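Asker: Shown below is the structure under consideration.
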Amino acid sequence: MIDPDAELVRNAGAGDARAADALVRRHLPKMIGLARRMLNDGAEAEDVAQEVFLRVWREAPRWKPGAAKFETWMHRVALNLCYDRLRRRREKSDPDAGLYVADHRPMPTEQWLARQREARVHTALAGLPERQRAALVLVHFQELSNIAAAEMLGISVEALESLLARGRRTLKAALADVAADLIGDAGGVSSV
Amino acid sequence: MDRARFETLLAAYGADRNRWPEEERAEADAFLERHRADLDEELKAAQEIDALLSHAVATPELGGLSASILAAAPRRSEGFDRRAWLALAACAVFGVVLGYGGGLLAPAPIEDDSYFAMAFEAPMAGDEG
């Protein structure tokens with residue numbers, strides 16, 4: 001298996017600033033996306049992404065391409081950091097944690113509406129049971145292979161598919177009251 | 001591929017077959033061609049969920065965050081310093097080894113005092129007479 005990141009990681013570990021920059025540009029949006037969808041909190045998502053990269057810099061000098069791709073390893077680290085934060089939230093039982101905070105900055109109406117729809121779906125996603133949410137985030141949004149995602153969650157591909165299906169059904173039910181509006185705004189459905 | 005497997009894939013991965021496991025796509029496409037009319041309703045339901053999920057975008061502003069992440073990245077100069085320290089340590093060890101080995105190779109010290117005694121006792125040229 002060829003790891004597309006192997007050379008960048010080796011060079012970044014040796015102190016090559018351009019390689020480090022390329023790694024950040026390639027993976028930072030994905031790490032933030034994963035954390036944002038798992039935690040439903042932009043600031044916490046940035047903290048998680050930063051922590052992932054601190055570990056990347058620590059591991060890079062001694063990284064050896066092995067069974068797992070570097071990107072898969074990064075996803076695993078990010079997911080575990082999200083699980084830690086979710087657990088801490090539960091322990092503190094902070095009722096406001098992960099709730100969408102309205103964006104009051106002035107913006108065009110269309111943009112404002114888009115933000116509202118986005119927030120509504122993020123909140124519905126955040127309401128899914130943790131395992132269903134993780135499965136959807138890894139496969140649908142992060143576009144990991146079903147095998148990599150199942151391995152990361154410590155389950156079989158069959159169990160992953162069951163989590164995905166339940167997650168999608170639950171999400172649809174949670175958004176039932178606004179589904180028509182959201183689906184219409186996304187361009188409706190077309191023949192496949 | 002049978003209908004049950006097709007429906008499982010549709011329910012799990014959605015209507016976009018590019019998201020389906022690569023090894024099953026061709027069979028799924030063939031199955032769909034044969035049974036499209038029967039699957040219309042399921043396909044539409046899956047597409048609706050795909051449309052809902054498409055709103056969960058996460059477009060971060062990366063500028064400041066990228067900069068602080070890169071500020072913590074390993075630097076080449078740090079690597080050089082480490083190598084320099086290693087080189088210095090290697091030189092020190094080499095020096096010690098050289099000194100010790102050189103000592104072993106040197107002629108054994110003359111411990112017999114008779115040479116010195118002879119040197120003082122022997123008559124010097126010009127003493128005679």
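Every chain in the structure tokens has a letter given in the order shown (A, B, ...), and although residue numbers restart at 1 in each chain, ligands are simply numbered from 1 in the order shown.
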Can you check which residues of chain B have any atom within 7 Å of chain A? Use only C-alpha atoms and format it as a list of chain:residue names.

Answerer: B:Ala11, B:Ala12, B:Pro21, B:Lys44, B:Gln47, B:Glu48, B:Ile49, B:Ala51, B:Leu52, B:His55, B:Ala56, B:Val57, B:Ala58, B:Pro60, B:Ser66, B:Ile69, B:Leu70, B:Ala73, B:Pro74, B:Arg75, B:Arg76, B:Gly79

Asker: Since we have the selection now, will you write its residues out, keeping C-alpha atoms, as an mmCIF file, in the first residue's frame?

Answerer:
```cif
data_model
loop_
_atom_site.group_PDB
_atom_site.id
_atom_site.type_symbol
_atom_site.label_atom_id
_atom_site.label_comp_id
_atom_site.auth_asym_id
_atom_site.auth_seq_id
_atom_site.Cartn_x
_atom_site.Cartn_y
_atom_site.Cartn_z
ATOM 1 C CA ALA B 11 -29.589 2.596 3.249
ATOM 2 C CA ALA B 12 -25.996 2.783 4.500
ATOM 3 C CA PRO B 21 -17.720 0.120 -1.675
ATOM 4 C CA LYS B 44 -35.716 8.830 -3.792
ATOM 5 C CA GLN B 47 -31.467 10.979 -2.140
ATOM 6 C CA GLU B 48 -33.520 13.037 0.269
ATOM 7 C CA ILE B 49 -31.243 12.097 3.152
ATOM 8 C CA ALA B 51 -29.705 16.324 0.363
ATOM 9 C CA LEU B 52 -30.181 16.887 4.103
ATOM 10 C CA HIS B 55 -26.220 21.130 4.474
ATOM 11 C CA ALA B 56 -23.793 19.995 7.198
ATOM 12 C CA VAL B 57 -20.894 21.836 5.621
ATOM 13 C CA ALA B 58 -17.961 22.802 7.787
ATOM 14 C CA PRO B 60 -13.462 26.793 8.660
ATOM 15 C CA SER B 66 -2.697 27.260 10.135
ATOM 16 C CA ILE B 69 -0.016 25.014 13.881
ATOM 17 C CA LEU B 70 2.932 25.622 11.565
ATOM 18 C CA ALA B 73 6.213 22.249 13.413
ATOM 19 C CA PRO B 74 9.718 20.757 13.628
ATOM 20 C CA ARG B 75 12.429 23.100 12.367
ATOM 21 C CA ARG B 76 15.440 22.087 10.334
ATOM 22 C CA GLY B 79 17.600 18.984 13.687
#
```

Asker: Do a neighbour search on segment 22-35 of chain B at 12 Å with only C-alpha atoms, toss out local chain neighbours closer than 5 positions, and write the hits as an MDAnalysis selection string.

Answerer: (chainID A and resid 144:147 192) or (chainID B and resid 1:10 13 15:17 40:43)

Asker: May I have the selected residues written with C-alpha atoms, as an mmCIF file, in the first residue's frame?

Answerer:
```
data_model
loop_
_atom_site.group_PDB
_atom_site.id
_atom_site.type_symbol
_atom_site.label_atom_id
_atom_site.label_comp_id
_atom_site.auth_asym_id
_atom_site.auth_seq_id
_atom_site.Cartn_x
_atom_site.Cartn_y
_atom_site.Cartn_z
ATOM 1 C CA LEU A 144 -12.966 6.960 4.510
ATOM 2 C CA SER A 145 -13.382 3.466 3.104
ATOM 3 C CA ASN A 146 -15.860 1.244 4.917
ATOM 4 C CA ILE A 147 -12.990 -1.039 5.979
ATOM 5 C CA VAL A 192 -29.767 8.390 -10.459
ATOM 6 C CA MET B 1 -26.115 -9.004 -5.986
ATOM 7 C CA ASP B 2 -29.621 -9.470 -4.691
ATOM 8 C CA ARG B 3 -32.236 -6.935 -3.713
ATOM 9 C CA ALA B 4 -31.492 -7.236 0.006
ATOM 10 C CA ARG B 5 -27.826 -6.358 -0.500
ATOM 11 C CA PHE B 6 -28.695 -3.476 -2.812
ATOM 12 C CA GLU B 7 -31.108 -2.060 -0.250
ATOM 13 C CA THR B 8 -28.524 -2.455 2.539
ATOM 14 C CA LEU B 9 -25.969 -0.498 0.515
ATOM 15 C CA LEU B 10 -28.524 2.173 -0.377
ATOM 16 C CA TYR B 13 -24.156 4.802 1.850
ATOM 17 C CA ALA B 15 -27.986 7.132 -3.430
ATOM 18 C CA ASP B 16 -24.620 8.282 -4.820
ATOM 19 C CA ARG B 17 -22.955 5.049 -5.870
ATOM 20 C CA ASP B 40 -37.553 4.257 -7.459
ATOM 21 C CA GLU B 41 -39.056 4.870 -4.051
ATOM 22 C CA GLU B 42 -36.018 3.654 -2.108
ATOM 23 C CA LEU B 43 -33.692 5.668 -4.314
#
```

Asker: Using only C-alpha atoms, determine which residues lie at most 10 Å from Arg76 of chain A, disregarding the query and same-chain residues fewer than 5 positions distant; provide the list as a PyMOL selection string.

Answerer: chain A and resi 52+70-71+81-82+138+148-149+151-153
